[in-house]
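Notes follow the structure.
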Amino acid sequence: MPNIIELINIHKSYKEGLSVYDVLKGININLTQGEIVILLGKSGSGKSTLLNLISGIDLPDKGDIIVDNLNITKLSEQNRTLFRRKKIGFIFQFFNLIPTLTVEENLLLPYELNYKNTNGFNKKAKELLDEVGMLSRLKSYPDILSGGEQQRIAIARALIHNPDIILADEPTGNLDYENGKAVINLLDNLVRKNNRTLIMATHSQEVIGIADRILQIKDGSIQPLNTNQ
Amino acid sequence: MKQHEKSSLRYLLKHPVQLILSIIGVAIGVAVVISIDISSNSAMKAFELSMDGITGKTTHIIYGSPAGIPDSIFFFLKLNKKLNKIAPIVEKNIITQTNPPFTLNLLGVDIFAEKDFRDFIENADISAGEIYGKLLSVSNSVLVSHSFSEQTGKSIDDTLKVKHGGKYYILNVVGILKDRNNPKKYESLAITDISTAKQIFLMDSLLSRIDLIIDEKSKYDENQIAKILPENVQLTRSETRTKISTQMISAFNLNLTAMSLLALIVGMFLIYNTMTFSVVQRRRHIGLLRSLGITRREIFTTVLLESLAIGLIGTIIGIFLGILLGNYLLGLVTQSINDLYFVITVREIYISQETILKTVIIGILATVISALKPAYESTKTPPRLVVLRSFAESKYKRRRFAMILYGLGSISLSILIFAVSGKNVLFSFIGVLPLMIGFTFFTPAFVIFFSNIIKPFSKKAFGAIGAMAAKGLANSLSRIGIAISALAISLAAAIGVGTMVNSFRITVVNWLETRLQKDIYISVPTLISRFNDATIPEGLDTLLTKLPEIKNITLYRELRITEGNNMIHLIGSSFPEDPSTMYVFKEGNPNDIWQKLKQGEVMVTEPYSYRTNKGVGDSVEILTDRGLKKFRIAGVHYDYGSDIGLIFMEIETYRKFWDDRKLSGIGLFLKKDYDVQETINKIRNLMGTDQEIIIRSNKDLLNSSIEVFDRTFIVTNVLQILAIVVAFIGVLSALMSLQLERTKEIAIYRANGMTPGDIWKYLNLQTGIMGFIAGILSIPLGNILALVLIYVINKRSFGWTLQFSIIPELLIEAVIVGVISAILATIYPAYKMSRISPSLALREE
């Protein structure tokens, strides 16, 4: 299987006042198409930073990020946005649905950014919402939905425009056990069914069951998973 | 509509109060601009229409000296030179003694010469034959307009009492005029036979002008006629007359427009403020859109589109509001024009398509320009969701010194604009914008500095909550700074305009006190307060010199003349023994000016010198009864009586060059031990009741002059109040947005034990301090703005040098208004916040 993502010697640090915090210190990772990878690590270990780098939201201080044979660190901000628009689907801990848009419109947002012709949207949206069990809430606004329901919609939104890569940042962090489990199963099914690559950052080890590979970030580098943790 | 645009629109709709306040702010700003435009245009349109009724098909006009043109010239042209399209005219204004009273232009015509010139004969409700018959046979007969007749109830065969030069006359209405195509044409016109007009206006052998039609069929062309005319008369094209009159009030109109733009600038800050808040509040929302792949350009466009929508709706509402306001201001503007320049009667507003189009462009452009910065700021929102407030705040704090530099840069830009804008008033006014923006850059540093100072006092007075309120300011600079700046700008606008008007008033009062040194002033009531052209009874001066009370008498004659295409006032005056205490000179040597005046030189006022670029040593060239003559300027003195420009000469010089012995006024110095009021009564008894004469003491004249001054500033005061209203709405909007987004912060306070009362106290105290800071900040800016209005805008509009005076009451008022408006704007949010459930607020992410 060819690599879809290659992270080569990635360094990233943040400045706060006069202090500099090295978050990532020379990370190298390769991911293949269709792989589900779990990023484990404590809060502040750099998981979200890594996802931001892969999506082109942030740039590394050093190193290259090759996504689908494209070195995104060489792209302009505008082109990185266009890259993200097409290639990435994001799922966040706090769902981040747009409260002023209905469920349907939240899904339409990334779709219409990618497709000039939105004729196929209705069918696709209905299919996806059916799969996440939210078809009946098509016209609802997100703020009247429960956390679990909102996250299902967020999953549908991440998949609607057929991105190659799904990035999920603590997708169960704000959900109870039952809802968290349901969301993970849903993600597993949908990602595998559509042969997408999923990178999920979490500090919870309960989701590792779905992973093809588990990477642990510690002290700014990838370290072997200590199963006793 | 794209989803991200839809989401933005719904965001605005979800915050209706802020949205409505922004729209109202734009609407009022726009309304002020269009209302000034409408009222000035309506006045000008009415003037042009009445000119149309007066001039008719006249192509050229022959003028003589301001007192009149000898009718012998008319007979010479008509009989000797056989000009066939020629009409003698005697015209002046009269006031009708009707309810309501009207000021009409009484046009005395030779009815047989009229058919080629004016069309009133075919537009009268009686036949041409009847007009000829009645105008010639009925004594003091007059034709009046249909609208005058309707409004006063005067119809055919009624008598009409009118007043001119302090005397009353009875006219007989013999016909009603109505132009169906143009009903306003005769509105302020009354037509009579030329002999009646001569009798009323005391112009026995004089005419006001001679109208001519020069066309291809004419015996002589323009140049040939000019050559056969004596050198003491002048041939001009008829359109020049309208042009000269409209030019006379152009500075007045321009200054009003500039003042109206001040309200728009304050409105622009409001829009800037609203859009910035809306962007700051949505940082997370925008970050989310960015992480989903919306580009910077798309975010920028969306924010601009939002502002465009606000601008468009605000502008449309503003146009309707402006029409209502224009209707109200029209009366005030007309009154000012009547007081200062010439008599016009305006009863209806006139709204041109250009006015509407111009306003729409200004309204929308102002909104979009104001939104540019917030729109640009929005694109800088990183495409991530965790934008730490503390990060943003510390960045804002760190940048405060850099911001001072930006502020200085912006102020330098405004100085540059003032420097290069020359005499262009509107371009100069653009410089006000970077000046105001520049000041807002100082806000963060000032807030930090001030909150540190006030904290111990606030703690001592209000305990821990007092300390929190003061400290909280410096910790929420990114938002609070904008609100404080908006409030400071608004208060500064109020201080600026108020200080300008008050400085102007103080200057005028000082000037009047210097100038009005005579004990008693005698004049005749005139229609234009600042133009004293009526004549006092002949021989009165001789009569007065015989009174034992009189120590010294000064004679005064004022007339309006044209110099090139400019209308100016000519004053022939005798001066007291030592006039140097009455005049303050800008140019010229005060010690020898009086001698030079006696030798036939003239002195001019500062506005004249500014407008014509003429000073000591230059000459003015004016048409006298002895032909075109040059008079050397001996001095330029400060004068605030008229922006039109005045030329003063010795009355003997005047009488040497003009065959006019009439007087417009007399000034009297009394001998010691004589009482002013008793002398006034004595003169009044001497005069009889034949003519209305104004005999005033020094003090009375001072008061009535100030009254006229105050009246001409009513429009400015209305504009100032509107600027404050726009400002208050801005503050209300800013502070409401600010408080309503603090739900979570307040919930945390509540969860930590602050009672609703504590919250109420905390928020009001904090905004009170904000209002106070804004008030303090507005003081320097307001006074600088006043300096700009005085030394740049007013100077370039009128050419006046005003003495800048700091008005302490205004400064105290600004601080009080700042605190009160800030607290008022917080009442609703504070009430809402104090009732917030801590659990509800904290449950949200």
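Quick note on naming: the chains in the structure tokens go A, B, ... in the order shown, residues restart at 1 in each chain, and ligands are numbered from 1 in order of appearance.
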
Residues of chain B that approach chain A to 8 Å or less, counting only C-alpha atoms: could you list each one with the shortest pair of atoms and its distance in Å to one decimal, rows by chain and increasing residue number, as JSON lines?
{"residue": "B:Lys2", "atom": "CA", "partner": "A:Leu109", "partner_atom": "CA", "distance": 7.5}
{"residue": "B:Gln3", "atom": "CA", "partner": "A:Leu109", "partner_atom": "CA", "distance": 5.1}
{"residue": "B:His4", "atom": "CA", "partner": "A:Leu109", "partner_atom": "CA", "distance": 6.8}
{"residue": "B:Lys6", "atom": "CA", "partner": "A:Leu101", "partner_atom": "CA", "distance": 7.5}
{"residue": "B:Ser7", "atom": "CA", "partner": "A:Thr100", "partner_atom": "CA", "distance": 5.2}
{"residue": "B:Ser8", "atom": "CA", "partner": "A:Thr100", "partner_atom": "CA", "distance": 7.8}
{"residue": "B:Arg10", "atom": "CA", "partner": "A:Thr100", "partner_atom": "CA", "distance": 5.6}
{"residue": "B:Tyr11", "atom": "CA", "partner": "A:Thr100", "partner_atom": "CA", "distance": 6.2}
{"residue": "B:His285", "atom": "CA", "partner": "A:Ile98", "partner_atom": "CA", "distance": 7.3}
{"residue": "B:Leu288", "atom": "CA", "partner": "A:Asn96", "partner_atom": "CA", "distance": 7.0}
{"residue": "B:Arg290", "atom": "CA", "partner": "A:Thr81", "partner_atom": "CA", "distance": 7.6}
{"residue": "B:Ser291", "atom": "CA", "partner": "A:Ile57", "partner_atom": "CA", "distance": 6.8}
{"residue": "B:Leu292", "atom": "CA", "partner": "A:Arg85", "partner_atom": "CA", "distance": 6.1}
{"residue": "B:Gly293", "atom": "CA", "partner": "A:Arg85", "partner_atom": "CA", "distance": 4.1}
{"residue": "B:Ile294", "atom": "CA", "partner": "A:Thr81", "partner_atom": "CA", "distance": 6.9}
{"residue": "B:Thr295", "atom": "CA", "partner": "A:Thr81", "partner_atom": "CA", "distance": 6.0}
{"residue": "B:Arg296", "atom": "CA", "partner": "A:Gln78", "partner_atom": "CA", "distance": 7.4}
{"residue": "B:Pro382", "atom": "CA", "partner": "A:Ile57", "partner_atom": "CA", "distance": 7.8}
{"residue": "B:Pro383", "atom": "CA", "partner": "A:Ile57", "partner_atom": "CA", "distance": 5.9}
{"residue": "B:Arg384", "atom": "CA", "partner": "A:Ile57", "partner_atom": "CA", "distance": 7.1}
{"residue": "B:Glu845", "atom": "CA", "partner": "A:Phe94", "partner_atom": "CA", "distance": 7.5}

Helix (DSSP H, G or I) positions in range 156-384 of chain B, given as number ranges by chain: B: 194-200, 222-228, 238-248, 250-281, 283-291, 296-340, 353-379

Close residues, range 209-223 of chain A itself excluded, 8 Å, only C-alpha atoms, min 6 positions apart in chain, as a PyMOL selection string: chain A and resi 22-28+35-42+45-47+184-185+188

With N, CA, C and O atoms retained, export the selected residues as a PDB file, in the first residue's frame.
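Just written: again09.pdb:
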ATOM      1  N   ASP A  22       9.198  23.083  23.369  1.00  0.00           N
ATOM      2  CA  ASP A  22       9.313  22.179  22.213  1.00  0.00           C
ATOM      3  C   ASP A  22       8.239  21.127  22.346  1.00  0.00           C
ATOM      4  O   ASP A  22       8.286  20.297  23.260  1.00  0.00           O
ATOM      5  N   VAL A  23       7.279  21.147  21.450  1.00  0.00           N
ATOM      6  CA  VAL A  23       6.161  20.195  21.551  1.00  0.00           C
ATOM      7  C   VAL A  23       6.482  18.938  20.756  1.00  0.00           C
ATOM      8  O   VAL A  23       6.304  17.820  21.242  1.00  0.00           O
ATOM      9  N   LEU A  24       6.958  19.109  19.552  1.00  0.00           N
ATOM     10  CA  LEU A  24       7.317  17.941  18.735  1.00  0.00           C
ATOM     11  C   LEU A  24       8.800  18.054  18.387  1.00  0.00           C
ATOM     12  O   LEU A  24       9.263  19.098  17.933  1.00  0.00           O
ATOM     13  N   LYS A  25       9.517  16.919  18.629  1.00  0.00           N
ATOM     14  CA  LYS A  25      10.974  16.998  18.440  1.00  0.00           C
ATOM     15  C   LYS A  25      11.439  15.952  17.449  1.00  0.00           C
ATOM     16  O   LYS A  25      11.926  14.889  17.845  1.00  0.00           O
ATOM     17  N   GLY A  26      11.205  16.169  16.210  1.00  0.00           N
ATOM     18  CA  GLY A  26      11.716  15.276  15.170  1.00  0.00           C
ATOM     19  C   GLY A  26      10.874  14.028  14.981  1.00  0.00           C
ATOM     20  O   GLY A  26      11.363  12.911  15.127  1.00  0.00           O
ATOM     21  N   ILE A  27       9.633  14.233  14.655  1.00  0.00           N
ATOM     22  CA  ILE A  27       8.709  13.088  14.504  1.00  0.00           C
ATOM     23  C   ILE A  27       8.724  12.585  13.062  1.00  0.00           C
ATOM     24  O   ILE A  27       8.723  13.363  12.103  1.00  0.00           O
ATOM     25  N   ASN A  28       8.747  11.275  12.938  1.00  0.00           N
ATOM     26  CA  ASN A  28       8.673  10.635  11.613  1.00  0.00           C
ATOM     27  C   ASN A  28       7.552   9.613  11.649  1.00  0.00           C
ATOM     28  O   ASN A  28       7.555   8.722  12.491  1.00  0.00           O
ATOM     29  N   GLU A  35      -5.813   3.243   6.566  1.00  0.00           N
ATOM     30  CA  GLU A  35      -5.332   2.864   7.889  1.00  0.00           C
ATOM     31  C   GLU A  35      -6.056   3.667   8.974  1.00  0.00           C
ATOM     32  O   GLU A  35      -6.346   4.848   8.782  1.00  0.00           O
ATOM     33  N   ILE A  36      -6.300   3.014  10.101  1.00  0.00           N
ATOM     34  CA  ILE A  36      -6.847   3.749  11.248  1.00  0.00           C
ATOM     35  C   ILE A  36      -5.755   3.793  12.312  1.00  0.00           C
ATOM     36  O   ILE A  36      -5.288   2.763  12.788  1.00  0.00           O
ATOM     37  N   VAL A  37      -5.343   5.033  12.628  1.00  0.00           N
ATOM     38  CA  VAL A  37      -4.242   5.206  13.570  1.00  0.00           C
ATOM     39  C   VAL A  37      -4.730   5.975  14.780  1.00  0.00           C
ATOM     40  O   VAL A  37      -5.417   6.999  14.635  1.00  0.00           O
ATOM     41  N   ILE A  38      -4.401   5.464  15.942  1.00  0.00           N
ATOM     42  CA  ILE A  38      -4.768   6.176  17.169  1.00  0.00           C
ATOM     43  C   ILE A  38      -3.512   6.854  17.715  1.00  0.00           C
ATOM     44  O   ILE A  38      -2.457   6.212  17.819  1.00  0.00           O
ATOM     45  N   LEU A  39      -3.641   8.151  18.017  1.00  0.00           N
ATOM     46  CA  LEU A  39      -2.530   8.886  18.640  1.00  0.00           C
ATOM     47  C   LEU A  39      -2.848   8.997  20.118  1.00  0.00           C
ATOM     48  O   LEU A  39      -3.829   9.646  20.497  1.00  0.00           O
ATOM     49  N   LEU A  40      -2.039   8.383  20.916  1.00  0.00           N
ATOM     50  CA  LEU A  40      -2.282   8.464  22.355  1.00  0.00           C
ATOM     51  C   LEU A  40      -1.318   9.469  22.972  1.00  0.00           C
ATOM     52  O   LEU A  40      -0.225   9.696  22.440  1.00  0.00           O
ATOM     53  N   GLY A  41      -1.696   9.988  24.061  1.00  0.00           N
ATOM     54  CA  GLY A  41      -0.794  10.922  24.745  1.00  0.00           C
ATOM     55  C   GLY A  41      -1.561  11.742  25.743  1.00  0.00           C
ATOM     56  O   GLY A  41      -2.772  11.914  25.631  1.00  0.00           O
ATOM     57  N   LYS A  42      -0.796  12.251  26.717  1.00  0.00           N
ATOM     58  CA  LYS A  42      -1.456  13.049  27.752  1.00  0.00           C
ATOM     59  C   LYS A  42      -1.865  14.417  27.180  1.00  0.00           C
ATOM     60  O   LYS A  42      -1.394  14.797  26.107  1.00  0.00           O
ATOM     61  N   SER A  45       0.497  16.887  25.161  1.00  0.00           N
ATOM     62  CA  SER A  45       1.643  16.124  24.643  1.00  0.00           C
ATOM     63  C   SER A  45       1.953  16.465  23.180  1.00  0.00           C
ATOM     64  O   SER A  45       3.022  16.141  22.677  1.00  0.00           O
ATOM     65  N   GLY A  46       0.996  17.107  22.506  1.00  0.00           N
ATOM     66  CA  GLY A  46       1.254  17.494  21.115  1.00  0.00           C
ATOM     67  C   GLY A  46       0.373  16.778  20.107  1.00  0.00           C
ATOM     68  O   GLY A  46       0.595  16.899  18.893  1.00  0.00           O
ATOM     69  N   LYS A  47      -0.650  16.065  20.596  1.00  0.00           N
ATOM     70  CA  LYS A  47      -1.524  15.327  19.671  1.00  0.00           C
ATOM     71  C   LYS A  47      -2.267  16.289  18.731  1.00  0.00           C
ATOM     72  O   LYS A  47      -2.263  16.108  17.515  1.00  0.00           O
ATOM     73  N   ILE A 184     -17.497   5.826  18.325  1.00  0.00           N
ATOM     74  CA  ILE A 184     -16.292   5.138  17.843  1.00  0.00           C
ATOM     75  C   ILE A 184     -16.664   4.031  16.859  1.00  0.00           C
ATOM     76  O   ILE A 184     -16.046   3.867  15.793  1.00  0.00           O
ATOM     77  N   ASN A 185     -17.698   3.281  17.203  1.00  0.00           N
ATOM     78  CA  ASN A 185     -18.137   2.209  16.302  1.00  0.00           C
ATOM     79  C   ASN A 185     -18.570   2.773  14.953  1.00  0.00           C
ATOM     80  O   ASN A 185     -18.260   2.206  13.897  1.00  0.00           O
ATOM     81  N   ASP A 188     -15.552   3.820  12.992  1.00  0.00           N
ATOM     82  CA  ASP A 188     -14.859   2.614  12.517  1.00  0.00           C
ATOM     83  C   ASP A 188     -15.546   2.092  11.263  1.00  0.00           C
ATOM     84  O   ASP A 188     -14.927   1.858  10.224  1.00  0.00           O
TER      85      ASP A 188
END
